[in-house]
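One file, work_23.cif, is given below (mmCIF, C-alpha atoms).
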data_query
#
loop_
_atom_site.group_PDB
_atom_site.id
_atom_site.type_symbol
_atom_site.label_atom_id
_atom_site.label_comp_id
_atom_site.auth_asym_id
_atom_site.auth_seq_id
_atom_site.Cartn_x
_atom_site.Cartn_y
_atom_site.Cartn_z
ATOM 1 C CA MET A 222 -50.907 -30.496 -5.741
ATOM 2 C CA GLN A 223 -53.742 -28.601 -7.286
ATOM 3 C CA PRO A 224 -53.476 -24.807 -7.031
ATOM 4 C CA SER A 225 -56.900 -24.677 -5.406
ATOM 5 C CA SER A 226 -55.840 -27.058 -2.592
ATOM 6 C CA VAL A 227 -52.726 -25.018 -1.725
ATOM 7 C CA PRO A 228 -52.964 -22.364 1.002
ATOM 8 C CA ALA A 229 -52.778 -18.783 -0.364
ATOM 9 C CA PRO A 230 -49.320 -17.891 1.047
ATOM 10 C CA VAL A 231 -47.782 -21.070 -0.380
ATOM 11 C CA ALA A 232 -49.448 -20.482 -3.764
ATOM 12 C CA TRP A 233 -48.037 -16.942 -3.822
ATOM 13 C CA LEU A 234 -44.567 -18.291 -3.000
ATOM 14 C CA MET A 235 -44.792 -20.955 -5.709
ATOM 15 C CA GLN A 236 -45.930 -18.370 -8.243
ATOM 16 C CA THR A 237 -43.050 -16.044 -7.281
ATOM 17 C CA TRP A 238 -40.506 -18.802 -7.849
ATOM 18 C CA GLN A 239 -41.998 -19.820 -11.179
ATOM 19 C CA THR A 240 -42.063 -16.328 -12.692
ATOM 20 C CA ARG A 241 -38.560 -15.340 -11.654
ATOM 21 C CA SER A 242 -36.084 -14.667 -14.380
ATOM 22 C CA ALA A 243 -32.498 -15.804 -14.148
ATOM 23 C CA ASP A 244 -30.456 -13.604 -11.809
ATOM 24 C CA GLN A 245 -26.757 -12.978 -12.138
ATOM 25 C CA VAL A 246 -24.243 -12.949 -9.347
ATOM 26 C CA SER A 247 -21.040 -10.968 -9.652
ATOM 27 C CA ILE A 248 -18.162 -11.843 -7.332
ATOM 28 C CA GLU A 249 -15.323 -9.372 -7.003
ATOM 29 C CA GLN A 250 -12.103 -9.820 -5.151
ATOM 30 C CA HIS A 251 -10.478 -6.783 -3.574
ATOM 31 C CA ILE A 252 -7.226 -7.299 -1.704
ATOM 32 C CA VAL A 253 -5.718 -4.565 0.446
ATOM 33 C CA ILE A 254 -2.152 -4.851 1.733
ATOM 34 C CA ARG A 255 -1.058 -3.160 4.970
ATOM 35 C CA ILE A 256 2.524 -1.912 5.175
ATOM 36 C CA ALA A 257 3.499 -1.374 8.810
ATOM 37 C CA PRO A 258 6.071 1.065 10.169
ATOM 38 C CA ARG A 259 9.604 -0.251 10.453
ATOM 39 C CA ALA A 260 11.065 -1.184 13.853
ATOM 40 C CA PRO A 261 13.181 1.455 15.662
ATOM 41 C CA ALA A 262 16.495 2.346 14.033
ATOM 42 C CA ASN A 263 18.575 0.653 16.737
ATOM 43 C CA ALA A 264 16.979 -2.708 15.900
ATOM 44 C CA ASP A 265 18.625 -3.013 12.482
ATOM 45 C CA PRO A 266 22.033 -1.592 11.523
ATOM 46 C CA ARG A 267 20.911 -1.123 7.895
ATOM 47 C CA VAL A 268 18.188 1.221 9.138
ATOM 48 C CA ALA A 269 20.426 3.081 11.584
ATOM 49 C CA MET A 270 22.722 4.326 8.818
ATOM 50 C CA PHE A 271 19.868 6.459 7.443
ATOM 51 C CA TYR A 272 19.226 8.355 10.663
ATOM 52 C CA ASP A 273 22.198 9.343 12.749
ATOM 53 C CA ALA A 274 25.173 9.267 10.424
ATOM 54 C CA PRO A 275 28.380 10.421 12.148
ATOM 55 C CA ALA A 276 29.390 14.023 11.467
ATOM 56 C CA SER A 277 33.075 13.266 10.929
ATOM 57 C CA PRO A 278 34.859 14.439 7.749
ATOM 58 C CA GLN A 279 35.016 10.851 6.435
ATOM 59 C CA ALA A 280 31.325 10.277 7.035
ATOM 60 C CA SER A 281 29.299 8.768 4.284
ATOM 61 C CA HIS A 282 26.090 10.343 3.129
ATOM 62 C CA ILE A 283 22.897 9.104 1.581
ATOM 63 C CA GLU A 284 22.224 9.807 -2.071
ATOM 64 C CA GLU A 285 19.066 9.333 -4.127
ATOM 65 C CA ARG A 286 19.548 7.492 -7.406
ATOM 66 C CA LYS A 287 17.108 7.011 -10.251
ATOM 67 C CA MET A 288 15.276 3.739 -10.457
ATOM 68 C CA GLY A 289 12.225 2.320 -12.196
ATOM 69 C CA LYS A 290 8.688 3.573 -11.644
ATOM 70 C CA CYS A 291 7.507 0.523 -9.703
ATOM 71 C CA VAL A 292 8.429 -1.692 -6.748
ATOM 72 C CA PRO A 293 6.805 -5.033 -5.851
ATOM 73 C CA ILE A 294 4.201 -4.783 -3.091
ATOM 74 C CA ASP A 295 5.344 -8.094 -1.613
ATOM 75 C CA GLY A 296 8.909 -6.746 -1.475
ATOM 76 C CA VAL A 297 8.095 -3.919 0.968
ATOM 77 C CA ALA A 298 9.057 -4.936 4.506
ATOM 78 C CA GLY A 299 8.357 -1.643 6.286
ATOM 79 C CA VAL A 300 7.972 2.119 5.981
ATOM 80 C CA GLN A 301 9.083 5.258 7.815
ATOM 81 C CA ILE A 302 8.397 8.930 7.218
ATOM 82 C CA THR A 303 11.084 11.551 6.595
ATOM 83 C CA GLN A 304 11.275 15.282 7.180
ATOM 84 C CA ALA A 305 11.410 15.839 3.419
ATOM 85 C CA ASN A 306 7.754 14.770 3.033
ATOM 86 C CA LYS A 307 8.752 11.392 1.656
ATOM 87 C CA LEU A 308 8.246 7.824 2.740
ATOM 88 C CA VAL A 309 11.204 5.484 3.086
ATOM 89 C CA LEU A 310 10.329 1.954 1.960
ATOM 90 C CA TYR A 311 12.516 -0.829 3.326
ATOM 91 C CA MET A 312 12.572 -3.663 0.828
ATOM 92 C CA ARG A 313 12.989 -7.343 1.655
ATOM 93 C CA ASP A 314 15.954 -7.505 -0.743
ATOM 94 C CA SER A 315 17.875 -4.959 1.440
ATOM 95 C CA ARG A 316 17.236 -1.998 -0.849
ATOM 96 C CA VAL A 317 15.971 1.260 0.600
ATOM 97 C CA VAL A 318 13.631 3.307 -1.593
ATOM 98 C CA SER A 319 12.278 6.824 -1.092
ATOM 99 C CA ALA A 320 8.763 7.470 -2.346
ATOM 100 C CA GLY A 321 7.808 11.081 -2.886
ATOM 101 C CA LEU A 322 4.211 12.078 -2.271
ATOM 102 C CA ASP A 323 2.073 14.301 -4.492
ATOM 103 C CA LYS A 324 1.741 17.974 -3.620
ATOM 104 C CA GLY A 325 -0.716 18.663 -0.864
ATOM 105 C CA CYS A 326 0.071 15.379 0.878
ATOM 106 C CA ASN A 327 1.774 15.121 4.227
ATOM 107 C CA ALA A 328 4.126 12.241 5.043
ATOM 108 C CA ARG A 329 3.254 12.601 8.740
ATOM 109 C CA ASP A 330 -0.162 11.123 7.954
ATOM 110 C CA TYR A 331 1.613 7.817 7.281
ATOM 111 C CA TYR A 332 3.290 7.486 10.702
ATOM 112 C CA ALA A 333 1.332 4.277 11.332
ATOM 113 C CA GLY A 334 2.007 2.765 7.910
ATOM 114 C CA PHE A 335 -0.385 2.593 4.988
ATOM 115 C CA TYR A 336 -2.760 0.436 3.015
ATOM 116 C CA VAL A 337 -2.524 -0.113 -0.718
ATOM 117 C CA ALA A 338 -4.863 -2.032 -3.017
ATOM 118 C CA ARG A 339 -3.128 -4.900 -4.775
ATOM 119 C CA SER A 340 -3.005 -4.168 -8.482
ATOM 120 C CA SER A 341 -3.125 -6.862 -11.143
ATOM 121 C CA ASP A 342 0.661 -6.642 -11.640
ATOM 122 C CA GLY A 343 1.455 -6.769 -7.881
ATOM 123 C CA MET A 344 3.451 -3.516 -7.991
ATOM 124 C CA ILE A 345 3.312 -0.078 -6.375
ATOM 125 C CA CYS A 346 3.930 2.405 -9.186
ATOM 126 C CA ALA A 347 4.668 6.134 -9.193
ATOM 127 C CA GLY A 348 1.864 8.229 -10.638
ATOM 128 C CA ARG A 349 -0.612 5.333 -10.559
ATOM 129 C CA ASP A 350 -1.194 3.933 -7.083
ATOM 130 C CA LYS A 351 -2.709 5.646 -4.070
ATOM 131 C CA LEU A 352 -1.552 4.988 -0.527
ATOM 132 C CA GLN A 353 -4.260 5.065 2.134
ATOM 133 C CA ALA A 354 -3.156 6.221 5.589
ATOM 134 C CA ARG A 355 -4.857 4.779 8.648
ATOM 135 C CA ASN A 356 -6.205 8.255 9.502
ATOM 136 C CA GLY A 357 -8.084 8.400 6.181
ATOM 137 C CA ALA A 358 -5.608 10.453 4.141
ATOM 138 C CA SER A 359 -5.054 9.229 0.599
ATOM 139 C CA CYS A 360 -2.200 10.225 -1.666
ATOM 140 C CA LYS A 361 -0.693 9.161 -4.979
ATOM 141 C CA VAL A 362 2.876 7.905 -5.044
ATOM 142 C CA GLY A 363 5.261 10.392 -6.647
ATOM 143 C CA LYS A 364 8.749 9.590 -7.904
ATOM 144 C CA LEU A 365 10.665 6.613 -6.560
ATOM 145 C CA HIS A 366 14.409 6.793 -5.866
ATOM 146 C CA GLN A 367 16.798 4.248 -4.460
ATOM 147 C CA LEU A 368 18.740 5.463 -1.431
ATOM 148 C CA VAL A 369 22.388 4.426 -1.379
ATOM 149 C CA GLU A 370 25.181 5.138 1.064
ATOM 150 C CA VAL A 371 28.056 6.971 -0.606
ATOM 151 C CA GLY A 372 31.467 7.454 1.039
ATOM 152 C CA ASP A 373 33.150 10.838 0.702
#
Could you write out this file's structure as structure tokens?
Amino acid sequence: MQPSSVPAPVAWLMQTWQTRSADQVSIEQHIVIRIAPRAPANADPRVAMFYDAPASPQASHIEERKMGKCVPIDGVAGVQITQANKLVLYMRDSRVVSAGLDKGCNARDYYAGFYVARSSDGMICAGRDKLQARNGASCKVGKLHQLVEVGD
């Protein structure tokens, strides 16, 4: 087709395509994981021991023990808030982990669970990762401790 025999709008379109430089496309993948609240305490005996422990003299108590700085995101089965401004993470391997929150954060914001962006290592780490509450609050994870039942 000769340029003179082409209608003006088509000629403009052809010229636009011919003079275009190479464009680049960038594709990013962003995965967000939702951790939902745990079922009520009476649904699982492992959970119940952390709420209404008997007040008898032989009663066991819960103790926080040091652990590493990270837990696997895929290993978190559920979450609940505590009165001590901490989140209790229930792990799929039957461990129970307390996650402190940075100052100025309120654990009550996480009553409906939280979202966390999947990191390249697949872990939630203290001092690195932020937890996003469904109400918009965002807070960094503080220290992690494993909760264990200790008999008196």
Output the residue selection produced by the PyMOL selection byres ((chain A and resi 300-310) around 9) on the file above, formatted as an mmCIF file with C-alpha atoms, in the coordinates of the input.
data_model
loop_
_atom_site.group_PDB
_atom_site.id
_atom_site.type_symbol
_atom_site.label_atom_id
_atom_site.label_comp_id
_atom_site.auth_asym_id
_atom_site.auth_seq_id
_atom_site.Cartn_x
_atom_site.Cartn_y
_atom_site.Cartn_z
ATOM 1 C CA ILE A 256 2.524 -1.912 5.175
ATOM 2 C CA ALA A 257 3.499 -1.374 8.810
ATOM 3 C CA PRO A 258 6.071 1.065 10.169
ATOM 4 C CA ARG A 259 9.604 -0.251 10.453
ATOM 5 C CA VAL A 297 8.095 -3.919 0.968
ATOM 6 C CA ALA A 298 9.057 -4.936 4.506
ATOM 7 C CA GLY A 299 8.357 -1.643 6.286
ATOM 8 C CA TYR A 311 12.516 -0.829 3.326
ATOM 9 C CA MET A 312 12.572 -3.663 0.828
ATOM 10 C CA ARG A 316 17.236 -1.998 -0.849
ATOM 11 C CA VAL A 317 15.971 1.260 0.600
ATOM 12 C CA VAL A 318 13.631 3.307 -1.593
ATOM 13 C CA SER A 319 12.278 6.824 -1.092
ATOM 14 C CA ALA A 320 8.763 7.470 -2.346
ATOM 15 C CA GLY A 321 7.808 11.081 -2.886
ATOM 16 C CA LEU A 322 4.211 12.078 -2.271
ATOM 17 C CA CYS A 326 0.071 15.379 0.878
ATOM 18 C CA ASN A 327 1.774 15.121 4.227
ATOM 19 C CA ALA A 328 4.126 12.241 5.043
ATOM 20 C CA ARG A 329 3.254 12.601 8.740
ATOM 21 C CA ASP A 330 -0.162 11.123 7.954
ATOM 22 C CA TYR A 331 1.613 7.817 7.281
ATOM 23 C CA TYR A 332 3.290 7.486 10.702
ATOM 24 C CA ALA A 333 1.332 4.277 11.332
ATOM 25 C CA GLY A 334 2.007 2.765 7.910
ATOM 26 C CA PHE A 335 -0.385 2.593 4.988
ATOM 27 C CA LEU A 368 18.740 5.463 -1.431
#
Gap from CA of Lys364 in chain A to CA of Val253 in chain A - Å, one decimal: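 If I compute the distance from CA of Lys364 in chain A to CA of Val253 in chain A, I get 21.9 Å.
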One-decimal distance in Å that lies between CA of Asp342 in chain A and CA of Ser247 in chain A: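 It comes out at 22.2 Å.
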I would like the residues chosen by the PyMOL selection byres ((chain A and resi 250) around 12) on the shown file; could you give them as a JSON list (two decimals) with C-alpha atoms, keeping the file's coordinate frame?
[["chain", "number", "residue", "atom", "x", "y", "z"],
["A", 247, "SER", "CA", -21.04, -10.97, -9.65],
["A", 248, "ILE", "CA", -18.16, -11.84, -7.33],
["A", 249, "GLU", "CA", -15.32, -9.37, -7.00],
["A", 251, "HIS", "CA", -10.48, -6.78, -3.57],
["A", 252, "ILE", "CA", -7.23, -7.30, -1.70],
["A", 253, "VAL", "CA", -5.72, -4.57, 0.45],
["A", 338, "ALA", "CA", -4.86, -2.03, -3.02],
["A", 339, "ARG", "CA", -3.13, -4.90, -4.78],
["A", 340, "SER", "CA", -3.00, -4.17, -8.48],
["A", 341, "SER", "CA", -3.12, -6.86, -11.14]]
Residue contacts of Pro293 in chain A (8 Å, all atoms listed in the file) excluding same-chain residues fewer than 6 positions away, as a VMD selection string: chain A and resid 343 to 345
Nearby residues (only C-alpha atoms) at most 6 Å from range 346-355 of chain A, same-chain spacing under 3 positions excluded, as a count of residues only: 13
d(CA of Ser281 in chain A, CA of Glu370 in chain A) in Å: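 It comes out at 6.4 Å.
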